[in-house]
Structure formats: C-alpha cells, structure tokens
file structure_34.txt (compact mmCIF, C-alpha atoms and all ligand atoms)
# COMPACT_ATOMS: atom_id res chain seq x y z
CA MET A 1 1.70 -36.16 21.59
CA ALA A 2 -2.01 -35.49 21.44
CA ILE A 3 -3.09 -33.10 18.76
CA ASN A 4 -5.13 -30.08 19.85
CA ASP A 5 -4.24 -31.08 23.40
CA THR A 6 -4.61 -27.53 24.71
CA LYS A 7 -8.13 -26.27 25.15
CA ILE A 8 -8.34 -22.83 23.61
CA SER A 9 -11.22 -20.57 24.56
CA ARG A 10 -13.26 -18.69 22.00
CA GLU A 11 -11.81 -15.45 23.38
CA GLU A 12 -8.25 -16.69 22.79
CA LEU A 13 -9.00 -17.76 19.21
CA GLY A 14 -9.30 -14.24 18.00
CA GLY A 15 -7.59 -12.91 21.11
CA GLN A 16 -4.12 -11.63 21.82
CA PHE A 17 -0.64 -13.08 22.25
CA THR A 18 2.19 -11.39 24.12
CA PHE A 19 5.69 -12.13 22.80
CA PRO A 20 7.70 -13.68 25.66
CA GLY A 21 9.72 -11.32 27.84
CA THR A 22 8.17 -8.30 26.11
CA SER A 23 5.25 -5.94 26.51
CA MET A 24 4.42 -6.47 22.84
CA ALA A 25 0.93 -7.90 22.50
CA VAL A 26 -0.65 -8.62 19.11
CA ARG A 27 -3.91 -10.09 17.94
CA ARG A 28 -3.52 -13.69 16.83
CA VAL A 29 -4.82 -12.79 13.38
CA GLY A 30 -2.19 -10.68 11.62
CA TYR A 31 -1.27 -10.07 8.00
CA GLY A 32 1.61 -11.21 5.77
CA ALA A 33 2.56 -8.60 3.17
CA MET A 34 4.59 -10.70 0.72
CA GLN A 35 1.74 -10.99 -1.81
CA LEU A 36 1.76 -7.22 -2.34
CA ALA A 37 4.86 -7.29 -4.55
CA GLY A 38 4.69 -8.02 -8.27
CA PRO A 39 4.61 -11.53 -9.81
CA GLY A 40 7.27 -13.78 -8.30
CA VAL A 41 7.47 -11.39 -5.31
CA PHE A 42 9.57 -9.24 -7.64
CA GLY A 43 9.02 -5.68 -8.74
CA PRO A 44 6.04 -3.38 -8.17
CA PRO A 45 2.48 -4.64 -7.69
CA ARG A 46 0.19 -4.86 -10.70
CA ASP A 47 -2.28 -2.65 -8.83
CA ARG A 48 -0.48 -0.23 -6.51
CA ALA A 49 -3.63 1.53 -5.29
CA THR A 50 -5.17 -1.78 -4.19
CA ALA A 51 -1.93 -2.81 -2.46
CA LEU A 52 -2.00 0.40 -0.41
CA ALA A 53 -5.73 -0.05 0.26
CA VAL A 54 -5.19 -3.63 1.52
CA LEU A 55 -2.63 -2.41 4.06
CA ARG A 56 -4.88 0.43 5.26
CA GLU A 57 -7.90 -1.87 5.43
CA ALA A 58 -5.93 -4.37 7.52
CA VAL A 59 -4.99 -1.78 10.14
CA ASP A 60 -8.45 -0.17 10.05
CA ARG A 61 -9.92 -3.59 10.86
CA GLY A 62 -7.64 -4.05 13.85
CA VAL A 63 -4.62 -5.89 12.46
CA ASP A 64 -1.65 -4.97 14.66
CA HIS A 65 0.93 -7.47 13.35
CA ILE A 66 2.33 -7.22 9.82
CA ASP A 67 4.97 -9.60 8.49
CA THR A 68 7.31 -8.32 5.79
CA SER A 69 10.89 -8.26 4.51
CA ASP A 70 12.98 -5.85 2.54
CA PHE A 71 13.67 -8.66 0.06
CA TYR A 72 10.02 -8.62 -1.02
CA GLY A 73 10.19 -6.67 -4.24
CA PRO A 74 13.02 -6.07 -3.16
CA HIS A 75 12.27 -2.91 -1.11
CA VAL A 76 8.83 -2.58 -2.72
CA VAL A 77 6.71 -4.09 0.05
CA ASN A 78 8.41 -2.16 2.86
CA GLN A 79 8.01 1.04 0.86
CA LEU A 80 4.30 0.30 0.38
CA ILE A 81 3.90 -0.32 4.12
CA ARG A 82 5.58 3.01 4.87
CA GLU A 83 3.50 4.91 2.33
CA ALA A 84 0.23 3.37 3.48
CA LEU A 85 0.71 3.42 7.23
CA HIS A 86 3.47 5.80 8.40
CA PRO A 87 3.35 7.33 10.99
CA TYR A 88 2.50 3.94 12.43
CA PRO A 89 -0.10 3.34 15.15
CA ASP A 90 1.67 2.85 18.50
CA ASP A 91 0.43 -0.71 18.80
CA LEU A 92 1.47 -1.89 15.31
CA VAL A 93 4.18 -4.57 15.38
CA ILE A 94 6.07 -4.93 12.11
CA VAL A 95 8.07 -8.13 11.86
CA THR A 96 10.73 -8.27 9.18
CA LYS A 97 13.37 -10.79 8.21
CA VAL A 98 16.95 -10.87 6.97
CA GLY A 99 19.26 -13.51 5.55
CA CYS A 100 18.55 -13.23 1.84
CA ILE A 101 18.87 -10.78 -1.03
CA ARG A 102 17.33 -10.79 -4.50
CA GLY A 103 19.24 -11.49 -7.67
CA ALA A 104 18.60 -9.42 -10.80
CA ASP A 105 16.71 -12.45 -12.14
CA GLY A 106 14.41 -12.58 -9.08
CA SER A 107 16.37 -15.40 -7.40
CA TRP A 108 16.71 -15.58 -3.59
CA PRO A 109 20.41 -16.09 -2.75
CA PRO A 110 21.18 -16.37 0.96
CA ALA A 111 23.13 -13.44 2.45
CA TYR A 112 24.55 -13.99 5.93
CA SER A 113 27.86 -12.16 6.08
CA ARG A 114 28.24 -9.33 8.60
CA GLU A 115 28.31 -6.81 5.74
CA GLU A 116 25.23 -8.27 4.05
CA LEU A 117 23.22 -8.44 7.27
CA THR A 118 24.23 -4.87 8.15
CA GLN A 119 23.03 -3.71 4.75
CA GLN A 120 19.73 -5.55 5.19
CA VAL A 121 19.07 -4.12 8.66
CA HIS A 122 19.70 -0.59 7.39
CA ASP A 123 17.58 -1.19 4.26
CA ASN A 124 14.69 -2.29 6.49
CA LEU A 125 15.07 0.71 8.80
CA ARG A 126 15.17 3.16 5.90
CA ASN A 127 12.39 1.66 3.78
CA LEU A 128 10.05 1.14 6.74
CA GLY A 129 10.88 4.58 8.16
CA LEU A 130 11.78 3.22 11.61
CA ASP A 131 14.58 4.07 14.07
CA GLN A 132 14.32 0.61 15.58
CA LEU A 133 13.01 -2.59 13.95
CA HIS A 134 10.32 -4.18 16.16
CA ILE A 135 11.16 -7.85 15.52
CA VAL A 136 13.71 -9.25 13.07
CA ASN A 137 13.65 -12.91 12.06
CA LEU A 138 16.90 -14.48 10.95
CA ARG A 139 15.82 -16.50 7.90
CA VAL A 140 17.87 -19.66 7.88
CA ARG A 141 18.57 -21.91 4.93
CA ASP A 142 17.49 -25.53 5.42
CA ASP A 143 21.04 -26.93 5.09
CA MET A 144 22.85 -24.11 6.85
CA GLY A 145 23.88 -25.88 10.07
CA PRO A 146 25.01 -23.70 13.00
CA ILE A 147 23.46 -20.25 13.10
CA GLU A 148 25.78 -18.65 15.66
CA ALA A 149 27.68 -16.36 13.28
CA PRO A 150 24.71 -14.56 11.65
CA LEU A 151 22.73 -14.52 14.89
CA SER A 152 25.60 -12.83 16.73
CA VAL A 153 25.41 -10.03 14.13
CA LEU A 154 21.73 -9.50 14.96
CA ALA A 155 22.46 -9.71 18.70
CA ASN A 156 24.95 -6.91 18.19
CA PHE A 157 22.33 -4.75 16.48
CA GLN A 158 19.96 -5.50 19.35
CA GLN A 159 22.56 -4.25 21.83
CA GLN A 160 22.96 -1.10 19.73
CA GLY A 161 19.19 -0.53 19.86
CA LEU A 162 18.52 -0.96 16.13
CA ILE A 163 16.53 -4.17 16.72
CA ARG A 164 14.09 -4.60 19.62
CA HIS A 165 13.47 -8.36 19.48
CA ILE A 166 14.79 -11.35 17.53
CA GLY A 167 13.07 -14.35 15.95
CA LEU A 168 14.10 -17.25 13.70
CA SER A 169 12.70 -18.56 10.42
CA GLY A 170 13.15 -21.81 8.53
CA VAL A 171 14.79 -23.48 11.50
CA THR A 172 15.17 -26.96 12.96
CA SER A 173 14.89 -27.82 16.67
CA PRO A 174 18.70 -27.84 17.15
CA GLN A 175 18.96 -24.42 15.51
CA ILE A 176 16.21 -23.09 17.79
CA GLU A 177 18.14 -24.39 20.81
CA GLN A 178 21.36 -22.78 19.53
CA GLY A 179 19.54 -19.51 19.07
CA ARG A 180 17.89 -19.58 22.49
CA ALA A 181 21.26 -20.17 24.12
CA MET A 182 22.50 -16.92 22.57
CA VAL A 183 19.58 -14.44 22.68
CA PRO A 184 15.92 -14.38 23.75
CA ILE A 185 13.91 -15.71 20.80
CA VAL A 186 10.37 -14.33 20.70
CA CYS A 187 9.03 -16.12 17.62
CA VAL A 188 9.72 -18.87 15.11
CA GLN A 189 8.40 -18.69 11.54
CA ASN A 190 8.40 -22.00 9.67
CA HIS A 191 6.41 -23.71 6.90
CA TYR A 192 3.26 -25.23 8.41
CA ASN A 193 -0.40 -25.65 7.54
CA VAL A 194 -3.25 -28.17 7.82
CA ALA A 195 -1.65 -30.30 5.08
CA HIS A 196 2.01 -29.79 6.02
CA ARG A 197 2.56 -30.84 9.61
CA GLY A 198 6.32 -31.43 9.96
CA ASP A 199 6.56 -28.98 12.87
CA ASP A 200 3.98 -30.49 15.24
CA ALA A 201 6.62 -31.27 17.88
CA ILE A 202 8.34 -27.88 17.51
CA ILE A 203 5.01 -26.08 18.02
CA HIS A 204 4.40 -28.06 21.19
CA ASP A 205 7.88 -27.24 22.57
CA LEU A 206 7.63 -23.55 21.71
CA SER A 207 4.16 -23.32 23.23
CA SER A 208 5.49 -24.62 26.55
CA GLN A 209 8.13 -21.85 26.42
CA GLY A 210 5.56 -19.17 25.51
CA ILE A 211 7.31 -18.51 22.17
CA ALA A 212 5.15 -17.58 19.19
CA TYR A 213 4.96 -19.97 16.25
CA VAL A 214 4.06 -18.08 13.07
CA PRO A 215 3.42 -20.44 10.15
CA PHE A 216 4.46 -19.25 6.72
CA PHE A 217 2.42 -20.62 3.80
CA PRO A 218 -0.54 -21.01 6.23
CA LEU A 219 -2.78 -21.50 3.18
CA GLY A 220 -0.19 -23.42 1.18
CA GLY A 221 1.54 -20.35 -0.27
CA PHE A 222 2.22 -20.65 -4.01
CA ASP A 223 0.46 -24.03 -4.02
CA PRO A 224 -2.81 -23.46 -2.09
CA VAL A 225 -4.05 -26.29 0.14
CA GLN A 226 -6.70 -28.38 -1.59
CA SER A 227 -8.70 -30.99 0.27
CA SER A 228 -12.20 -32.39 -0.04
CA THR A 229 -12.26 -32.72 3.78
CA LEU A 230 -11.61 -29.00 4.06
CA ASN A 231 -14.27 -28.25 1.44
CA ASP A 232 -16.87 -30.42 3.20
CA ALA A 233 -16.18 -28.86 6.61
CA ALA A 234 -16.35 -25.37 5.10
CA ALA A 235 -19.69 -26.08 3.41
CA ARG A 236 -21.17 -27.29 6.72
CA LEU A 237 -19.84 -24.24 8.59
CA GLY A 238 -20.90 -21.70 5.96
CA ALA A 239 -17.27 -20.60 5.64
CA THR A 240 -14.71 -20.86 2.86
CA PRO A 241 -12.11 -23.67 2.80
CA MET A 242 -9.32 -21.10 3.31
CA GLN A 243 -11.11 -19.72 6.37
CA VAL A 244 -11.40 -23.19 7.85
CA ALA A 245 -7.70 -23.86 7.19
CA GLN A 246 -6.87 -20.72 9.18
CA ALA A 247 -9.37 -21.49 11.95
CA TRP A 248 -7.74 -24.92 12.31
CA LEU A 249 -4.37 -23.21 12.88
CA LEU A 250 -5.86 -20.98 15.60
CA HIS A 251 -7.28 -24.09 17.32
CA ARG A 252 -4.07 -26.07 16.84
CA SER A 253 -2.09 -24.27 19.56
CA PRO A 254 -2.45 -21.00 21.52
CA ASN A 255 1.02 -19.79 20.43
CA ILE A 256 0.14 -19.87 16.71
CA LEU A 257 -0.21 -16.43 15.09
CA LEU A 258 -1.64 -16.03 11.59
CA ILE A 259 0.08 -13.96 8.88
CA SER A 260 -1.94 -15.15 5.88
CA GLY A 261 -0.97 -13.27 2.76
CA THR A 262 -3.31 -11.66 0.28
CA SER A 263 -3.39 -8.89 -2.29
CA SER A 264 -7.20 -8.84 -2.26
CA ILE A 265 -9.40 -6.76 0.04
CA ASP A 266 -12.17 -9.38 -0.07
CA HIS A 267 -9.77 -12.15 0.97
CA LEU A 268 -8.30 -9.91 3.68
CA ARG A 269 -11.78 -9.41 5.16
CA GLU A 270 -12.42 -13.16 5.05
CA ASN A 271 -9.09 -13.84 6.74
CA ILE A 272 -9.61 -11.30 9.52
CA ALA A 273 -12.98 -12.92 10.31
CA VAL A 274 -11.48 -16.35 11.05
CA GLY A 275 -11.04 -15.59 14.76
CA GLU A 276 -14.83 -15.96 15.04
CA ILE A 277 -14.95 -19.50 13.62
CA GLU A 278 -15.26 -22.15 16.29
CA LEU A 279 -14.45 -25.73 15.33
CA VAL A 280 -16.01 -28.50 17.42
CA PRO A 281 -13.88 -31.54 18.31
CA GLU A 282 -15.49 -33.75 15.61
CA VAL A 283 -14.58 -31.25 12.88
CA LEU A 284 -11.08 -30.79 14.32
CA ALA A 285 -10.58 -34.56 14.21
CA GLU A 286 -11.56 -34.62 10.51
CA LEU A 287 -9.21 -31.75 9.71
CA ASP A 288 -6.39 -33.36 11.70
CA GLY A 289 -6.48 -36.20 9.16
CA ILE A 290 -5.82 -34.00 6.13
CA ALA A 291 -2.01 -34.09 6.36
CA GLU A 292 -2.04 -37.89 6.13
CA GLN A 293 -4.27 -37.77 3.02
CA THR A 294 -2.10 -35.17 1.28
CA ALA A 295 1.14 -36.07 -0.51
CA PRO A 296 4.22 -34.48 1.09
CA ARG A 297 5.46 -31.37 -0.66
CA LYS A 298 8.88 -31.03 -2.16
CA PRO A 299 11.27 -28.59 -0.44
CA ALA A 300 11.85 -26.88 -3.80
CA GLU A 301 8.37 -25.40 -3.55
CA ARG A 302 9.68 -22.91 -1.04
CA LYS A 303 10.33 -19.96 -3.31
CA GLU A 304 10.77 -17.38 -0.55
N1 LIG B 1 9.94 -16.94 6.51
C1 LIG B 1 9.79 -17.40 5.28
O1 LIG B 1 10.67 -18.06 4.74
C2 LIG B 1 8.51 -17.08 4.56
C3 LIG B 1 8.20 -17.77 3.36
C4 LIG B 1 7.01 -17.46 2.72
C5 LIG B 1 6.14 -16.52 3.25
N2 LIG B 1 6.46 -15.87 4.42
C6 LIG B 1 5.50 -14.92 5.04
O2 LIG B 1 4.29 -15.61 5.26
C7 LIG B 1 3.19 -14.83 4.76
C8 LIG B 1 2.09 -15.75 4.29
O3 LIG B 1 2.56 -16.61 3.28
P1 LIG B 1 2.13 -16.51 1.76
O4 LIG B 1 1.43 -15.24 1.46
O5 LIG B 1 3.30 -16.86 0.96
O6 LIG B 1 1.16 -17.75 1.61
P2 LIG B 1 -0.32 -18.07 2.15
O7 LIG B 1 -0.76 -17.04 3.12
O8 LIG B 1 -0.30 -19.49 2.53
O9 LIG B 1 -1.18 -17.99 0.80
C9 LIG B 1 -1.26 -16.87 0.02
C10 LIG B 1 -2.10 -17.25 -1.19
O10 LIG B 1 -3.43 -17.54 -0.76
C11 LIG B 1 -4.35 -16.65 -1.41
N3 LIG B 1 -5.36 -16.29 -0.42
C12 LIG B 1 -5.20 -15.55 0.70
N4 LIG B 1 -6.35 -15.45 1.38
C13 LIG B 1 -7.27 -16.14 0.68
C14 LIG B 1 -8.65 -16.41 0.86
N5 LIG B 1 -9.32 -15.94 1.92
N6 LIG B 1 -9.28 -17.18 -0.07
C15 LIG B 1 -8.62 -17.66 -1.13
N7 LIG B 1 -7.31 -17.45 -1.37
C16 LIG B 1 -6.64 -16.69 -0.47
C17 LIG B 1 -3.55 -15.50 -1.91
O11 LIG B 1 -4.09 -14.99 -3.12
P3 LIG B 1 -4.79 -13.53 -3.17
O12 LIG B 1 -3.69 -12.53 -3.16
O13 LIG B 1 -5.54 -13.58 -4.45
O14 LIG B 1 -5.69 -13.43 -1.98
C18 LIG B 1 -2.19 -16.13 -2.20
O15 LIG B 1 -2.18 -16.72 -3.48
C19 LIG B 1 3.81 -13.98 3.65
O16 LIG B 1 3.06 -12.84 3.40
C20 LIG B 1 5.18 -13.69 4.19
O17 LIG B 1 5.10 -12.52 4.98
C21 LIG B 1 7.62 -16.16 5.07
call {"tool": "encode", "arguments": {"input": "structure_34.txt", "output": "structure tokens", "more": "lines below"}}
Ligand SMILES: NC(=O)c1ccc[n+]([C@@H]2O[C@H](COP(=O)([O-])OP(=O)(O)OC[C@H]3O[C@@H](n4cnc5c(N)ncnc54)[C@H](OP(=O)(O)O)[C@@H]3O)[C@@H](O)[C@H]2O)c1
result
Amino acid sequence: MAINDTKISREELGGQFTFPGTSMAVRRVGYGAMQLAGPGVFGPPRDRATALAVLREAVDRGVDHIDTSDFYGPHVVNQLIREALHPYPDDLVIVTKVGCIRGADGSWPPAYSREELTQQVHDNLRNLGLDQLHIVNLRVRDDMGPIEAPLSVLANFQQQGLIRHIGLSGVTSPQIEQGRAMVPIVCVQNHYNVAHRGDDAIIHDLSSQGIAYVPFFPLGGFDPVQSSTLNDAAARLGATPMQVAQAWLLHRSPNILLISGTSSIDHLRENIAVGEIELVPEVLAELDGIAEQTAPRKPAERKE
C-alpha cells in the first residue's frame, strides 16, 4: 500500500470530518483531555484554574471535538469539562470511553461486565452533565478476543437513547469487523503516530469505509516522539517538532482526527495551529521514514 496515497487538500487538512451515518461534523483538529488530571492521570490537576482555562481556550479557538473518559482522575476530567464548558455549545462533540475503572493505587483494571459498563455509562452522563453521550468508545484490552458481550451492552444503551454513537478503542482488525457486524462504528481510537505505525493497514481500510481513525498518543503520549528527522523538518518549516508530527498525521489520511493532549495553553495554541502546516511530498517522504529509524515500543508503555 502506498503511503500518503490520498491527496488531501489544504482545506481538508484543517477542515471537517463527518462521522459516518451521522450529521455530526467536527474539525479534524480536536483536543484530548486526559492530561488535565493529576500525575499518573490520577487525582486533581496540580493547577485547576489552568486546566479549566485550557478547556475554555480550546472551545474559544474553535475546537468542537473533545476526547475524555470518566476513568481519567477518575471522574476529575469529566467534572472539569462540565465546569468549564456546560451548557455545551450545540456543535461540541464529546467522545468518552468505557471498559476500565481505576484502582485505589491508580491502576487501570479492565471492567467489561454488564454491571460495570452500566455504572460507567451513568458516571459519564452524570459527571459530564449530559442526557445522552455523544460517542462512546468501547476500550478493548489487547488480549481480550471477541468483543460481542461488552459491545452488546453498549448497543442496548444506544437503543435506549443513552448513547448516540459507538466507537472502538485498542482494537485489532478482526475486532473491528466483529463490531461492525453488530452496530454502526463511527470511529476507531488506537495507538498511532509518526514513529509507531502498526495501524497503517487499518487506517487505509477505515478510510475506505468513511470511519474516523483517532490516534491516541499522537505525540508519543508518556514517551514523546523524538527524532532528528522531525527536528530538522521542523527547523526548516519554522514549526516545532510536535507540530510537524501532528501535521504529518493530518496528511497521512483524510479520516485521521487529532486529539493531542496538553495541560498547557501555549501547547494547545501550537496544536490548534497545525491545520495550517502544509508538508510537501519531499518532507512527507522524510517523515515517512521515521518509524523505521525508531525502535519499536513495548506494549507495557500503554498506561491508559
Ligand atoms: N483509547 C485509549 O486507550 C487512549 C490512551 C491514551 C490516550 N487516549 C486519549 O488520547 C489523547 C491524547 O493522548 P495523550 O495526551 O496521552 O498523548 P499525546 O497527545 O501523544 O502527548 C501528550 C504529551 O505531549 C505534550 N505536548 C502536547 N502538546 C505539545 C506541544 N505542542 N509541544 C510539546 N509537548 C506537547 C504534553 O505535555 P503538556 O501537558 O506539557 O503539553 C503531554 O506530555 C488523550 O488526551 C486521551 O484523550 C486514549
């Protein structure tokens, strides 16, 4: 498969994406709220006022897609979103996820039983202050196998009107196919960035189906992407390496949506500006080589 095989216009780079089968359109540059919780994504933020200001700044600057979960904190991040932004603008899409709870020690045990998922859906509704969750991703554990049982619980909530649309996270191709056979899947959220390219084929397949691909750890997450190629390209473009890493994702495929996470207003502003960065084919070719130069990451680095 050719990389960057779909020509994306400048307008589309910072433009909009409509989730398939819905009237929900979002800008391709959104915001991931996980970094707003305390250290280890556990407990309150060190600087609550700045956390609230980051959320308000994001929406003021046109962000209409926020990624969250009630297990960030836990509860803390959703409560911050509600305090900062409720009543929500009509066009704001809040995407949350279920399938995990937090241990008292900050651990992330999976939680997929009907009772646990019911609790999580109601926690999200209450803490976000919503009557209906906009999109809920079922967060799947790498070794989980079939996803029918937990997904049928979410499908039931969709029929009841508590969930508008369903997505998947942390999934393999077979799990995506299982999911699509059961319910319309509007988005997939997996680990992907310029140095971690295991999902190239999945992105291509989802793009042909019009399904959004929303990379988590788009900047490398807890282990930020480092590359001299990225640094060199950034210096030539007058951008930062993290901006170029995000611009590369926007060029990579038209179904990629950004939810880069930050607790800093300056970084938020930098990230929102990446829709303006155009990468010529020569630079894209250099950046396409980064994954081969970078040692593969261990699965244990996924802390969320
Ligand atoms: N589905 C899943 O399993 C899953 C897993 C992980 C994450 N997620 C979602 O994905 C979103 C994004 O992932 P993430 O926040 O973990 O990782 P990320 O976006 O790859 O990276 C966040 C890190 O990059 C830094 N950063 C952000 N913008 C920057 C900039 N312009 N320049 C320099 N550093 C910058 C942040 O620090 P500062 O705060 O200092 O800016 C933070 O340390 C999360 O918010 C969450 O919603 C989902």
call {"tool": "residues_around", "arguments": {"input": "structure_34.txt", "residues": "segment 205-213 of chain A", "least_positions_apart": "2", "cutoff": "6 Å", "atoms": "only C-alpha atoms", "output": "number ranges by chain"}}
result
A: 20, 186-189, 202-203, 255-256
call {"tool": "residues_around", "arguments": {"input": "structure_34.txt", "residues": "Leu117 of chain A", "least_positions_apart": "3", "cutoff": "10 Å", "atoms": "all atoms listed in the file", "output": "number ranges by chain"}}
result
A: 98-101, 111-114, 120-123, 138, 150-151, 153-154, 157
call {"tool": "residues_around", "arguments": {"input": "structure_34.txt", "residues": "segment 269-280 of chain A", "least_positions_apart": "2", "cutoff": "7 Å", "atoms": "all atoms listed in the file", "output": "ChimeraX atom specification"}}
result
/A:10,13-14,29,243,246-247,265-267,282-284
call {"tool": "closest_atom_pairs", "arguments": {"input": "structure_34.txt", "of": "chain A", "to": "ligand LIG 1 (chain B)", "cutoff": "6 Å", "atoms": "all atoms listed in the file", "output": "JSON lines"}}
result
{"residue": "A:Gly32", "atom": "CA", "partner": "B:LIG1", "partner_atom": "O16", "distance": 3.2}
{"residue": "A:Ala33", "atom": "CA", "partner": "B:LIG1", "partner_atom": "O16", "distance": 4.3}
{"residue": "A:Met34", "atom": "CA", "partner": "B:LIG1", "partner_atom": "O16", "distance": 3.8}
{"residue": "A:Gln35", "atom": "CA", "partner": "B:LIG1", "partner_atom": "O4", "distance": 5.4}
{"residue": "A:Asp67", "atom": "CA", "partner": "B:LIG1", "partner_atom": "O17", "distance": 4.6}
{"residue": "A:Thr68", "atom": "CA", "partner": "B:LIG1", "partner_atom": "O17", "distance": 4.8}
{"residue": "A:Ser169", "atom": "CA", "partner": "B:LIG1", "partner_atom": "N1", "distance": 5.1}
{"residue": "A:Gly170", "atom": "CA", "partner": "B:LIG1", "partner_atom": "O1", "distance": 5.9}
{"residue": "A:Gln189", "atom": "CA", "partner": "B:LIG1", "partner_atom": "N1", "distance": 5.5}
{"residue": "A:Phe216", "atom": "CA", "partner": "B:LIG1", "partner_atom": "O2", "distance": 3.9}
{"residue": "A:Phe217", "atom": "CA", "partner": "B:LIG1", "partner_atom": "O8", "distance": 3.2}
{"residue": "A:Pro218", "atom": "CA", "partner": "B:LIG1", "partner_atom": "O8", "distance": 4.0}
{"residue": "A:Leu219", "atom": "CA", "partner": "B:LIG1", "partner_atom": "O8", "distance": 3.3}
{"residue": "A:Gly220", "atom": "CA", "partner": "B:LIG1", "partner_atom": "O8", "distance": 4.2}
{"residue": "A:Gly221", "atom": "CA", "partner": "B:LIG1", "partner_atom": "O6", "distance": 3.2}
{"residue": "A:Phe222", "atom": "CA", "partner": "B:LIG1", "partner_atom": "O15", "distance": 5.9}
{"residue": "A:Met242", "atom": "CA", "partner": "B:LIG1", "partner_atom": "N6", "distance": 5.2}
{"residue": "A:Ile259", "atom": "CA", "partner": "B:LIG1", "partner_atom": "C7", "distance": 5.2}
{"residue": "A:Ser260", "atom": "CA", "partner": "B:LIG1", "partner_atom": "O7", "distance": 3.5}
{"residue": "A:Gly261", "atom": "CA", "partner": "B:LIG1", "partner_atom": "O4", "distance": 3.4}
{"residue": "A:Thr262", "atom": "CA", "partner": "B:LIG1", "partner_atom": "O12", "distance": 3.6}
{"residue": "A:Ser263", "atom": "CA", "partner": "B:LIG1", "partner_atom": "O12", "distance": 3.8}
{"residue": "A:Ser264", "atom": "CA", "partner": "B:LIG1", "partner_atom": "O14", "distance": 4.8}
{"residue": "A:His267", "atom": "CA", "partner": "B:LIG1", "partner_atom": "N5", "distance": 3.9}
{"residue": "A:Glu270", "atom": "CA", "partner": "B:LIG1", "partner_atom": "N5", "distance": 5.2}
{"residue": "A:Asn271", "atom": "CA", "partner": "B:LIG1", "partner_atom": "N5", "distance": 5.3}
{"residue": "A:Glu304", "atom": "CA", "partner": "B:LIG1", "partner_atom": "C3", "distance": 4.7}
call {"tool": "atom_distance", "arguments": {"input": "structure_34.txt", "atom1": "atom CA of Asp131 of chain A", "atom2": "atom CA of Ala58 of chain A"}}
result
23.1 Å
call {"tool": "residues_around", "arguments": {"input": "structure_34.txt", "residues": "Gly21 of chain A", "least_positions_apart": "3", "cutoff": "9 Å", "atoms": "only C-alpha atoms", "output": "list in words"}}
result
Thr18, Met24, Pro184 and Val186 of chain A
call {"tool": "write_last_selection", "arguments": {"input": "structure_34.txt", "atoms": "C-alpha atoms", "output": "CSV table (one decimal), in the coordinates of the input"}}
result
chain,number,residue,atom,x,y,z
A,18,THR,CA,2.2,-11.4,24.1
A,24,MET,CA,4.4,-6.5,22.8
A,184,PRO,CA,15.9,-14.4,23.8
A,186,VAL,CA,10.4,-14.3,20.7
call {"tool": "atom_distance", "arguments": {"input": "structure_34.txt", "atom1": "atom CA of Val93 of chain A", "atom2": "atom CA of Gln79 of chain A"}}
result
16.0 Å
call {"tool": "atom_distance", "arguments": {"input": "structure_34.txt", "atom1": "atom CA of Leu85 of chain A", "atom2": "atom CA of Arg61 of chain A"}}
result
13.2 Å
call {"tool": "residues_around", "arguments": {"input": "structure_34.txt", "residues": "Pro146 of chain A", "least_positions_apart": "5", "cutoff": "9 Å", "atoms": "only C-alpha atoms", "output": "PyMOL selection string"}}
result
chain A and resi 174-175+178
call {"tool": "closest_residue", "arguments": {"input": "structure_34.txt", "among": "A:Thr172, A:Asn156, A:Thr118, A:Ser228", "to": "Arg141 of chain A", "atoms": "all atoms listed in the file"}}
result
A:Thr172
call {"tool": "closest_atom_pairs", "arguments": {"input": "structure_34.txt", "of": "segment 1-104 of chain A", "to": "segment 127-130 of chain A", "cutoff": "7 Å", "atoms": "only C-alpha atoms", "output": "JSON lines"}}
result
{"residue": "A:His75", "atom": "CA", "partner": "A:Asn127", "partner_atom": "CA", "distance": 6.7}
{"residue": "A:Asn78", "atom": "CA", "partner": "A:Leu128", "partner_atom": "CA", "distance": 5.4}
{"residue": "A:Gln79", "atom": "CA", "partner": "A:Asn127", "partner_atom": "CA", "distance": 5.3}
{"residue": "A:Ile81", "atom": "CA", "partner": "A:Leu128", "partner_atom": "CA", "distance": 6.8}
{"residue": "A:Arg82", "atom": "CA", "partner": "A:Leu128", "partner_atom": "CA", "distance": 5.2}
call {"tool": "closest_residue", "arguments": {"input": "structure_34.txt", "among": "A:Val41, A:Val183, A:Leu250, A:Ala155", "to": "Pro74 of chain A", "atoms": "only C-alpha atoms"}}
result
A:Val41
